[in-house]
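Below is one structure, written out as structure tokens; comments come after it.
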Amino acid sequence: MKPRVKICCISSLEEAQAAVQFGASALGLVGHMPSGPGVIPDDLIAQIAQQIPPGVSSFLLTSHTKVDQIIQHQQIVKTNTIQIVDTLTEGSHEAIRLALPAIKIVQVIHVINENTIDEALAAAETADALLLDSGNPNLRVKELGGTGRVHNWDISRKIVEQSNKPVFLAGGLNAENVQAAIEAAQPFGIDLCSGVRTGGKLDLRKLDGFFKAVYNL
């Protein structure tokens, strides 16, 4: 079965519509981040989320690490999914679910080494899905996504095999390497930002090439 495709760093209603037309099943809307591309204001996230058609998931990427702030952020923008890009420092996934029972929780895990496997499997116990990315939250200025770097897909494959929840694969994916990534990691879904952009803008030619590569068209 071919993986779901999530197009991230959506910056306008026009980009959202184009991504959906090409076949995206989820769109990523980036809130405030310490670094990385694609950040847009909350009012624009809310506007785009409201216009996304039924059946397509709207992901809020939030860098908040305290549950009360994450809940407040979602209530402002009204996406149907929360993508937590850092490790929670206060509260739990269960507390978010209690406050927002209809909202899906996707926990980002930054694949650094074999120790990441235990971190991912622990998060899978309480999140609705995992998203494996190539950031580094241990740096002085945290990298929480959008790096354009590929990580070790062998580690990702081990997480996919052992996780009891769906796993998205992100990090440096493009039309040239996506088939190799799918074969190596066997993810439920794939996620990308820079791989379908030119000069920061969604590139329809790259978008077309990417979906053709995913579906072997």
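Naming works like this for the structure tokens: A, B, ... for the chains as they're shown, residue 1 at the start of each chain, ligands 1 onward in shown order.
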* **Selection near stretch 36-48 of chain A, 6 Å with only C-alpha atoms, sequence-local residues under 6 positions removed, as a list in words** =>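 Near stretch 36-48 of chain A, the qualifying residues are Cys9, Leu13, Val30, Val77 and Gly146 of chain A.
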Dump as CSV the rows for residues of stretch 158-189 of chain A within 12 Å of stretch 115-120 of chain A: closest atom pair and distance in Å with one decimal, only C-alpha atoms counted, ordered by chain and rising residue number.
```
residue,atom,partner,partner_atom,distance
A:Lys158,CA,A:Ile117,CA,7.3
A:Ile159,CA,A:Ile117,CA,5.8
A:Val160,CA,A:Ala120,CA,9.5
A:Glu161,CA,A:Ile117,CA,10.6
A:Gln162,CA,A:Ile117,CA,8.9
A:Ser163,CA,A:Ala120,CA,7.9
A:Asn164,CA,A:Ala120,CA,10.6
A:Lys165,CA,A:Ala120,CA,10.3
A:Pro166,CA,A:Ala120,CA,11.5
A:Val167,CA,A:Ala120,CA,9.8
A:Phe168,CA,A:Ala120,CA,11.9
```
Hey, can you spit out that residue selection with C-alpha atoms as a tab-separated table (two decimals), in the first residue's frame?
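Resulting contents of selection-v7.tsv:
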```
chain	number	residue	atom	x	y	z
A	158	LYS	CA	13.13	-0.49	13.31
A	159	ILE	CA	10.74	2.05	14.82
A	160	VAL	CA	8.11	1.34	12.15
A	161	GLU	CA	8.39	-2.39	12.77
A	162	GLN	CA	8.01	-2.07	16.54
A	163	SER	CA	5.56	0.83	16.84
A	164	ASN	CA	1.91	0.10	17.58
A	165	LYS	CA	0.94	3.41	15.95
A	166	PRO	CA	1.28	4.79	12.40
A	167	VAL	CA	4.65	6.34	11.57
A	168	PHE	CA	5.35	9.20	9.14
```
* Sel. of strand (DSSP E or B) residues, stretch 42-150 of chain A, as a list in words ->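 The residues of stretch 42-150 of chain A classed as strand (DSSP E or B) are Ser57, Ser58, Phe59, Leu60, Leu61, Thr62, Lys66, Thr81, Ile82, Gln83, Ile84, Glu90, Lys104, Ile105, Val106, Gln107, Val108, Ile109, His110, Ala129, Leu130, Leu131, Leu132, Asp133, Asn136 and Glu143 of chain A.
Using only C-alpha atoms, the smallest distance between any of A:Val150, A:Ala95, A:Ile103, A:Val196 and A:Leu60 comes from A:Ile103.
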* Asked: Pick from A:Gln17, A:Ala26, A:Ala49, A:Ala124: nearest to A:Gly189, with only C-alpha atoms counted?
  -> A:Ala26
* Asked: Leaving out A:Ser156 and any residue of its chain fewer than 4 positions from it, which residues lie within 8 Å of it when counting only C-alpha atoms, given as a PyMOL selection string?
  -> chain A and resi 111+132+152+160+169+185
